[in-house]
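> What follows is input-v3.txt; its format and atoms are compact mmCIF, C-alpha atoms.
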# COMPACT_ATOMS: atom_id res chain seq x y z
CA MET A 22 1.78 -10.18 -181.60
CA ASN A 23 1.68 -6.98 -183.61
CA ALA A 24 -0.15 -4.42 -181.51
CA SER A 25 -1.35 -2.61 -184.64
CA ALA A 26 -3.10 -5.76 -185.87
CA PRO A 27 -4.81 -7.32 -182.83
CA VAL A 28 -6.49 -10.69 -183.10
CA GLU A 29 -10.22 -9.95 -182.90
CA TRP A 30 -11.52 -13.54 -182.90
CA PRO A 31 -12.43 -15.18 -180.64
CA ARG A 32 -13.72 -12.45 -178.37
CA ARG A 33 -13.97 -15.07 -175.64
CA LEU A 34 -12.46 -18.56 -175.64
CA LEU A 35 -13.46 -21.32 -173.25
CA ILE A 36 -10.67 -23.81 -172.50
CA LEU A 37 -12.04 -27.19 -171.41
CA GLY A 38 -9.13 -29.01 -169.77
CA CYS A 39 -6.04 -26.90 -169.15
CA GLY A 40 -3.20 -29.33 -168.56
CA ASN A 41 0.35 -29.04 -169.86
CA MET A 42 -0.57 -28.31 -173.48
CA GLY A 43 -3.62 -26.15 -172.90
CA GLY A 44 -1.69 -24.29 -170.23
CA ALA A 45 1.22 -23.70 -172.61
CA MET A 46 -1.12 -22.24 -175.23
CA LEU A 47 -2.82 -20.01 -172.68
CA ALA A 48 0.60 -18.82 -171.46
CA GLY A 49 1.61 -18.10 -175.06
CA TRP A 50 -1.49 -16.03 -175.77
CA LEU A 51 -1.06 -14.03 -172.58
CA ARG A 52 2.62 -13.53 -173.34
CA ALA A 53 1.63 -12.23 -176.78
CA GLY A 54 -0.61 -9.59 -175.23
CA PHE A 55 -4.07 -11.17 -175.26
CA GLU A 56 -6.27 -9.82 -172.47
CA PRO A 57 -6.80 -12.39 -169.67
CA GLU A 58 -10.52 -11.59 -169.69
CA ARG A 59 -10.82 -13.28 -173.09
CA PHE A 60 -10.24 -16.70 -171.51
CA THR A 61 -12.32 -18.92 -169.26
CA VAL A 62 -10.82 -22.21 -168.08
CA VAL A 63 -12.93 -25.21 -167.04
CA ASP A 64 -10.74 -27.65 -165.14
CA PRO A 65 -11.60 -29.30 -161.80
CA MET A 66 -7.90 -29.90 -161.09
CA MET A 67 -6.71 -26.32 -161.66
CA ALA A 68 -6.51 -24.51 -158.33
CA GLN A 69 -5.82 -21.08 -159.76
CA GLY A 70 -5.30 -19.60 -163.20
CA PRO A 71 -3.18 -16.69 -164.38
CA ASP A 72 -4.27 -13.27 -163.11
CA GLY A 73 -7.50 -12.17 -164.78
CA VAL A 74 -8.38 -15.61 -166.21
CA VAL A 75 -11.64 -17.04 -164.88
CA VAL A 76 -11.35 -20.65 -163.66
CA LEU A 77 -14.47 -22.84 -163.29
CA ARG A 78 -14.79 -26.35 -161.92
CA GLU A 79 -17.43 -27.40 -164.48
CA LEU A 80 -19.06 -26.18 -167.67
CA PRO A 81 -21.65 -23.43 -167.34
CA ALA A 82 -25.19 -24.78 -167.31
CA PRO A 83 -26.70 -25.06 -170.81
CA ASN A 84 -29.35 -22.49 -169.92
CA ALA A 85 -26.80 -19.92 -168.73
CA ARG A 86 -25.93 -16.82 -170.73
CA LEU A 87 -23.30 -18.16 -173.13
CA ASP A 88 -23.38 -15.79 -176.09
CA LYS A 89 -20.12 -14.19 -174.95
CA TYR A 90 -18.16 -17.31 -176.00
CA ASP A 91 -17.05 -17.80 -179.63
CA ALA A 92 -15.14 -21.08 -179.42
CA VAL A 93 -13.99 -23.87 -177.14
CA LEU A 94 -10.49 -25.31 -176.93
CA LEU A 95 -10.78 -28.98 -176.04
CA GLY A 96 -7.73 -30.00 -174.01
CA VAL A 97 -8.90 -32.95 -171.89
CA LYS A 98 -7.16 -36.32 -172.12
CA PRO A 99 -8.39 -38.25 -175.19
CA GLN A 100 -9.79 -41.05 -173.02
CA LEU A 101 -12.07 -38.51 -171.27
CA LEU A 102 -13.77 -37.34 -174.46
CA ASP A 103 -16.76 -39.66 -174.09
CA ALA A 104 -17.31 -38.44 -170.53
CA VAL A 105 -17.29 -34.73 -171.40
CA ALA A 106 -18.88 -34.82 -174.86
CA PRO A 107 -22.59 -34.92 -173.82
CA GLY A 108 -22.25 -31.90 -171.55
CA LEU A 109 -20.13 -30.01 -174.05
CA ASN A 110 -22.58 -30.72 -176.88
CA ALA A 111 -25.47 -29.42 -174.73
CA TRP A 112 -23.35 -26.33 -174.00
CA LEU A 113 -22.71 -25.79 -177.71
CA LYS A 114 -26.43 -26.05 -178.48
CA ALA A 115 -27.06 -23.25 -176.00
CA LEU A 116 -24.70 -20.82 -177.74
CA SER A 117 -26.30 -18.06 -179.79
CA ASP A 118 -26.88 -18.67 -183.48
CA ARG A 119 -23.44 -18.19 -185.05
CA PRO A 120 -20.49 -20.45 -185.99
CA LYS A 121 -19.70 -22.75 -183.06
CA VAL A 122 -16.07 -23.76 -183.17
CA VAL A 123 -14.36 -26.68 -181.43
CA LEU A 124 -10.56 -26.56 -181.41
CA SER A 125 -9.24 -29.97 -180.38
CA LEU A 126 -5.81 -30.84 -178.95
CA LEU A 127 -6.74 -34.51 -178.54
CA ALA A 128 -4.07 -36.74 -180.07
CA GLY A 129 -5.51 -39.54 -182.17
CA VAL A 130 -9.10 -38.22 -182.12
CA GLU A 131 -10.12 -37.66 -185.73
CA LEU A 132 -12.47 -35.01 -187.09
CA ALA A 133 -15.17 -37.61 -187.73
CA SER A 134 -15.04 -38.67 -184.08
CA LEU A 135 -15.37 -35.04 -183.00
CA GLU A 136 -18.30 -34.46 -185.37
CA ASN A 137 -20.07 -37.60 -184.15
CA ARG A 138 -19.73 -36.66 -180.50
CA LEU A 139 -20.22 -32.90 -180.88
CA PRO A 140 -22.79 -32.43 -183.69
CA ALA A 141 -23.95 -29.09 -182.29
CA ALA A 142 -20.70 -27.47 -183.46
CA THR A 143 -20.36 -25.96 -186.94
CA SER A 144 -16.58 -26.25 -187.16
CA TRP A 145 -14.16 -28.88 -185.88
CA VAL A 146 -10.44 -28.10 -185.99
CA ARG A 147 -7.62 -30.40 -184.89
CA ILE A 148 -4.43 -28.73 -183.71
CA MET A 149 -1.20 -30.53 -182.87
CA PRO A 150 1.17 -28.08 -181.11
CA ASN A 151 3.91 -28.63 -178.57
CA LEU A 152 4.91 -26.98 -175.31
CA ALA A 153 6.98 -24.32 -177.08
CA ALA A 154 3.63 -22.57 -177.67
CA ALA A 155 4.27 -20.96 -174.28
CA ILE A 156 7.11 -18.92 -175.81
CA GLY A 157 5.64 -18.49 -179.30
CA LYS A 158 7.89 -21.13 -180.88
CA SER A 159 5.63 -24.11 -181.50
CA PRO A 160 5.17 -25.78 -184.86
CA MET A 161 1.48 -26.67 -185.24
CA GLY A 162 -0.22 -29.08 -187.57
CA VAL A 163 -3.81 -27.98 -188.31
CA VAL A 164 -6.68 -29.66 -190.16
CA GLY A 165 -10.36 -28.81 -190.05
CA ALA A 166 -13.90 -29.50 -191.17
CA GLY A 167 -16.86 -27.17 -191.43
CA TYR A 168 -16.98 -23.39 -191.72
CA HIS A 169 -13.50 -22.59 -190.45
CA ALA A 170 -11.89 -25.19 -192.64
CA GLU A 171 -13.14 -23.12 -195.57
CA HIS A 172 -12.14 -19.86 -193.90
CA PRO A 173 -8.89 -20.73 -192.11
CA LYS A 174 -7.65 -17.15 -191.64
CA PHE A 175 -9.47 -16.86 -188.30
CA ILE A 176 -7.75 -19.95 -186.93
CA THR A 177 -4.37 -19.03 -188.43
CA ASP A 178 -4.48 -15.55 -186.89
CA LEU A 179 -5.37 -17.03 -183.49
CA LEU A 180 -2.53 -19.57 -183.58
CA ALA A 181 0.18 -17.40 -185.15
CA PRO A 182 1.26 -15.80 -181.82
CA LEU A 183 2.04 -19.32 -180.57
CA GLY A 184 4.39 -20.29 -183.40
CA THR A 185 4.00 -21.60 -186.94
CA PRO A 186 0.63 -23.09 -187.97
CA GLU A 187 0.85 -25.52 -190.91
CA TRP A 188 -2.49 -26.46 -192.51
CA PHE A 189 -2.89 -29.92 -194.05
CA GLN A 190 -5.47 -30.90 -196.63
CA HIS A 191 -5.54 -34.56 -195.60
CA GLU A 192 -6.14 -35.57 -192.01
CA GLY A 193 -3.93 -38.65 -192.40
CA ALA A 194 -0.91 -36.34 -192.17
CA MET A 195 -1.76 -35.57 -188.53
CA ASP A 196 -0.38 -38.89 -187.29
CA ALA A 197 3.02 -37.97 -188.72
CA VAL A 198 2.68 -34.39 -187.43
CA THR A 199 1.95 -35.79 -183.97
CA ALA A 200 5.11 -37.89 -184.11
CA LEU A 201 7.36 -35.09 -185.41
CA ALA A 202 6.02 -31.82 -184.00
CA GLY A 203 3.98 -33.08 -181.04
CA SER A 204 6.31 -35.72 -179.62
CA GLY A 205 9.46 -34.32 -181.21
CA PRO A 206 10.49 -32.01 -178.35
CA ALA A 207 10.81 -35.02 -176.03
CA PHE A 208 13.16 -36.63 -178.54
CA VAL A 209 15.21 -33.43 -178.75
CA TYR A 210 15.39 -33.26 -174.95
CA ARG A 211 16.66 -36.83 -174.89
CA PHE A 212 19.33 -35.89 -177.44
CA ILE A 213 20.40 -32.92 -175.30
CA ASP A 214 20.58 -35.22 -172.30
CA ALA A 215 22.60 -37.77 -174.28
CA LEU A 216 24.95 -35.04 -175.51
CA ALA A 217 25.50 -33.89 -171.92
CA GLN A 218 26.02 -37.45 -170.67
CA GLY A 219 28.47 -38.05 -173.49
CA GLY A 220 30.40 -34.94 -172.45
CA ALA A 221 30.59 -36.24 -168.91
CA GLU A 222 31.77 -39.66 -170.17
CA ILE A 223 34.73 -38.05 -171.90
CA GLY A 224 35.83 -36.11 -168.85
CA LEU A 225 33.77 -32.92 -168.42
CA PRO A 226 32.07 -32.09 -165.10
CA ALA A 227 28.40 -33.08 -165.48
CA ASP A 228 26.98 -29.61 -164.76
CA GLN A 229 29.29 -27.94 -167.25
CA ALA A 230 28.61 -30.63 -169.86
CA LEU A 231 24.87 -29.96 -169.54
CA ARG A 232 25.31 -26.20 -169.90
CA LEU A 233 27.49 -26.70 -172.96
CA ALA A 234 25.00 -29.15 -174.48
CA LEU A 235 22.07 -26.78 -173.96
CA ALA A 236 23.95 -23.82 -175.42
CA THR A 237 25.16 -25.91 -178.36
CA VAL A 238 21.66 -27.07 -179.30
CA GLU A 239 20.15 -23.61 -178.77
CA GLY A 240 22.72 -21.92 -180.97
CA ALA A 241 22.63 -24.61 -183.66
CA ALA A 242 18.82 -24.50 -183.86
CA ALA A 243 18.76 -20.71 -184.07
CA LEU A 244 21.35 -20.71 -186.85
CA ALA A 245 19.56 -23.50 -188.75
CA ALA A 246 16.33 -21.47 -188.62
CA GLU A 247 17.99 -18.41 -190.15
CA ALA A 248 20.73 -19.80 -192.40
CA GLY A 249 18.61 -20.39 -195.50
CA VAL A 250 20.39 -23.67 -196.28
CA PRO A 251 19.49 -27.25 -195.29
CA PRO A 252 20.83 -28.51 -191.93
CA ALA A 253 22.81 -31.18 -193.77
CA GLU A 254 24.74 -28.41 -195.53
CA LEU A 255 25.44 -26.68 -192.21
CA ALA A 256 26.83 -29.96 -190.86
CA ARG A 257 29.06 -30.25 -193.93
CA ARG A 258 30.40 -26.72 -193.37
CA VAL A 259 31.32 -27.50 -189.76
CA ALA A 260 33.12 -30.71 -190.68
CA SER A 261 36.63 -30.03 -191.93
CA PRO A 262 38.19 -32.97 -193.83
CA GLY A 263 40.08 -35.16 -191.41
CA GLY A 264 38.95 -33.09 -188.42
CA THR A 265 37.15 -33.78 -185.14
CA THR A 266 33.61 -33.16 -186.44
CA GLU A 267 34.10 -35.50 -189.37
CA ALA A 268 35.29 -38.21 -186.98
CA GLY A 269 32.12 -37.88 -184.90
CA LEU A 270 29.83 -37.70 -187.93
CA LYS A 271 31.25 -40.97 -189.21
CA VAL A 272 29.79 -42.64 -186.13
CA LEU A 273 26.36 -41.03 -186.59
CA ASP A 274 26.42 -41.78 -190.32
CA ALA A 275 27.68 -45.37 -190.09
CA ALA A 276 25.40 -47.04 -192.62
CA THR A 277 23.53 -50.31 -192.59
CA ASP A 278 21.72 -51.08 -195.85
CA GLY A 279 22.50 -47.56 -196.97
CA ILE A 280 20.86 -45.85 -193.96
CA GLY A 281 22.97 -44.00 -191.38
CA ALA A 282 22.80 -45.07 -187.73
CA MET A 283 21.24 -41.83 -186.52
CA ALA A 284 18.79 -41.58 -189.42
CA ARG A 285 17.70 -45.17 -188.78
CA LEU A 286 17.18 -44.53 -185.05
CA VAL A 287 15.19 -41.34 -185.63
CA ALA A 288 13.04 -42.98 -188.32
CA ALA A 289 12.27 -45.86 -185.96
CA THR A 290 11.44 -43.41 -183.17
CA LEU A 291 9.04 -41.38 -185.32
CA THR A 292 7.48 -44.54 -186.75
CA ALA A 293 6.70 -45.81 -183.25
CA ALA A 294 5.12 -42.48 -182.28
CA ARG A 295 3.13 -42.29 -185.53
CA ASP A 296 1.88 -45.86 -185.21
CA ARG A 297 0.69 -45.17 -181.68
CA SER A 298 -1.24 -42.13 -182.96
CA VAL A 299 -2.84 -44.34 -185.63
CA ALA A 300 -3.83 -46.92 -183.01
CA MET A 301 -5.37 -44.24 -180.81
CA ALA A 302 -7.40 -42.94 -183.77
CA GLU A 303 -8.62 -46.45 -184.55
CA ALA A 304 -9.71 -46.93 -180.94
CA ALA A 305 -11.56 -43.60 -180.90
CA ARG A 306 -13.22 -44.47 -184.22
CA ALA A 307 -14.36 -47.84 -182.93
CA ALA A 308 -15.91 -46.21 -179.87
CA SER A 309 -17.90 -43.69 -181.95
Would you mind writing the structure in this file as structure tokens?


Amino acid sequence: MNASAPVEWPRRLLILGCGNMGGAMLAGWLRAGFEPERFTVVDPMMAQGPDGVVVLRELPAPNARLDKYDAVLLGVKPQLLDAVAPGLNAWLKALSDRPKVVLSLLAGVELASLENRLPAATSWVRIMPNLAAAIGKSPMGVVGAGYHAEHPKFITDLLAPLGTPEWFQHEGAMDAVTALAGSGPAFVYRFIDALAQGGAEIGLPADQALRLALATVEGAAALAAEAGVPPAELARRVASPGGTTEAGLKVLDAATDGIGAMARLVAATLTAARDRSVAMAEAARAAS
């Protein structure tokens, strides 16, 4: 974060549910230089937070002094939304008279479901990040309704220290964003693991194969981010005619019905993740 241009909003953020994803975002903000005093975590399972971050077991009472909070980051499991929504809505009602912002990390929970359960808010924003937020490298799909959907700079400035926020006009895109950017790191980790296992299968010591696989993926990703050409072109440049890379690519590119083996597998993987996100949204909608 640029010290000459600090992020002024929110002055105080309440994080309701600070599991893996909420914790990664909190770590990213602290790493970027946000003051710990700006954050309050409500999580009955969290024994201790980072130094300076207040940790509560339950939401402050609705009649407590709450005007210091500007927004809430909703990070509970989607299936717990119905349990926490009444208390959170009462808490939002008790906030002083200004925009009341709910930032939701809940996969498959649509804006309409958030509005129905939390009508006391004035803005509802869905964010789909991944764990790389902890190091400022997360892609983030963002879509919103209400005041901050019309004035997205506040949200963009808040998220920018965590990675790359991408706003979408149509909420339907969030299912695909969830599959690609939200679930995608797990698929990349599986590829790294497969690359390392493949190295071991062809004769390398397993520990060295893993180190080589990690370094290979790290370097390739960094170069792809800075090269200014599509990854397919980078692959072409590595593959000399008749060489080792071309021999391996022929396996990945082996086509059935005009679709390469790897492209087909990845498309099927993302489709399964997207379809699950759609099903979760339908279930949340039905319960509204």

> Which is closest to Arg59 in chain A among A:Ala307, A:Val75, A:Leu183, A:Ala45, if we use only C-alpha atoms?

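The shortest atom-to-atom distance to Arg59 in chain A comes from A:Val75.
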
> For CA of Ile36 in chain A and CA of Leu94 in chain A, determine how far apart the two atoms are, in Å to one decimal place.

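CA of Leu94 in chain A lies at a distance of 4.7 Å from CA of Ile36 in chain A.
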
> What separation in Å, quoted to one decimal, exists between CA of Gly49 in chain A and CA of Val163 in chain A?

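These atoms are spaced 17.4 Å apart.
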
> Distance CA of Gln229 in chain A-CA of Ala215 in chain A, one decimal place?

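Separation of CA of Gln229 in chain A and CA of Ala215 in chain A: 13.8 Å.
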
> Considering all atoms listed in the file, state which residue in the set A:Tyr90, A:Trp112, A:Ala234, A:Ser261 is at the smallest distance from Gly220 in chain A.

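Checking each of A:Tyr90, A:Trp112, A:Ala234, A:Ser261 against Gly220 in chain A, counting all atoms listed in the file, the winner is A:Ala234.
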
> Please provide as an MDAnalysis selection string all residues within 9 Å of Thr292 in chain A, with the sequence filter that same-chain residues fewer than 5 positions apart are discarded (counting only C-alpha atoms).

chainID A and resid 197 200 287 297

> For Met161 in chain A, list every protein, DNA or RNA residue within 8 Å, evaluated using only C-alpha atoms, and leave out those in the same chain fewer than 6 positions away; present the list as number ranges by chain.

A: 148-151, 184-187, 202

> Selection from above, C-alpha atoms, as a PDB file, in the coordinates of the input, can you write it?


ATOM      1  CA  ILE A 148      -4.430 -28.730-183.710  1.00  0.00           C
ATOM      2  CA  MET A 149      -1.200 -30.530-182.870  1.00  0.00           C
ATOM      3  CA  PRO A 150       1.170 -28.080-181.110  1.00  0.00           C
ATOM      4  CA  ASN A 151       3.910 -28.630-178.570  1.00  0.00           C
ATOM      5  CA  GLY A 184       4.390 -20.290-183.400  1.00  0.00           C
ATOM      6  CA  THR A 185       4.000 -21.600-186.940  1.00  0.00           C
ATOM      7  CA  PRO A 186       0.630 -23.090-187.970  1.00  0.00           C
ATOM      8  CA  GLU A 187       0.850 -25.520-190.910  1.00  0.00           C
ATOM      9  CA  ALA A 202       6.020 -31.820-184.000  1.00  0.00           C
TER      10      ALA A 202
END

> Tell me, as JSON, numbers by chain, which residues lie within 10 Å of Leu273 in chain A, counting all atoms listed in the file; anything in the same chain fewer than 2 positions away does not count.

{"A": [267, 268, 269, 270, 271, 275, 276, 281, 282, 283, 284, 285, 286]}

> From the list A:Glu29, A:Glu222, A:Glu247, A:Asp196, which residue is nearest Ala294 in chain A when using only C-alpha atoms?

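Ranking A:Glu29, A:Glu222, A:Glu247, A:Asp196 by distance to Ala294 in chain A, first place goes to A:Asp196.
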
> Is there a way to get, as a PyMOL selection string, all residues within 12 Å of the point (-14.5, -15.8, -164.1) in file coordinates, counting only C-alpha atoms?

chain A and resi 33+35+57-63+69-81

> Let's have the selection written as an mmCIF file, keeping the file's coordinate frame, with C-alpha atoms.


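Output (selection.cif):
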data_model
loop_
_atom_site.group_PDB
_atom_site.id
_atom_site.type_symbol
_atom_site.label_atom_id
_atom_site.label_comp_id
_atom_site.auth_asym_id
_atom_site.auth_seq_id
_atom_site.Cartn_x
_atom_site.Cartn_y
_atom_site.Cartn_z
ATOM 1 C CA ARG A 33 -13.970 -15.070 -175.640
ATOM 2 C CA LEU A 35 -13.460 -21.320 -173.250
ATOM 3 C CA PRO A 57 -6.800 -12.390 -169.670
ATOM 4 C CA GLU A 58 -10.520 -11.590 -169.690
ATOM 5 C CA ARG A 59 -10.820 -13.280 -173.090
ATOM 6 C CA PHE A 60 -10.240 -16.700 -171.510
ATOM 7 C CA THR A 61 -12.320 -18.920 -169.260
ATOM 8 C CA VAL A 62 -10.820 -22.210 -168.080
ATOM 9 C CA VAL A 63 -12.930 -25.210 -167.040
ATOM 10 C CA GLN A 69 -5.820 -21.080 -159.760
ATOM 11 C CA GLY A 70 -5.300 -19.600 -163.200
ATOM 12 C CA PRO A 71 -3.180 -16.690 -164.380
ATOM 13 C CA ASP A 72 -4.270 -13.270 -163.110
ATOM 14 C CA GLY A 73 -7.500 -12.170 -164.780
ATOM 15 C CA VAL A 74 -8.380 -15.610 -166.210
ATOM 16 C CA VAL A 75 -11.640 -17.040 -164.880
ATOM 17 C CA VAL A 76 -11.350 -20.650 -163.660
ATOM 18 C CA LEU A 77 -14.470 -22.840 -163.290
ATOM 19 C CA ARG A 78 -14.790 -26.350 -161.920
ATOM 20 C CA GLU A 79 -17.430 -27.400 -164.480
ATOM 21 C CA LEU A 80 -19.060 -26.180 -167.670
ATOM 22 C CA PRO A 81 -21.650 -23.430 -167.340
#

> So, with only C-alpha atoms as the atoms that count, which of A:Thr143, A:Ser134, A:Gln100, A:Thr277 lies closest to Leu116 in chain A?

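Checking each of A:Thr143, A:Ser134, A:Gln100, A:Thr277 against Leu116 in chain A, counting only C-alpha atoms, the winner is A:Thr143.
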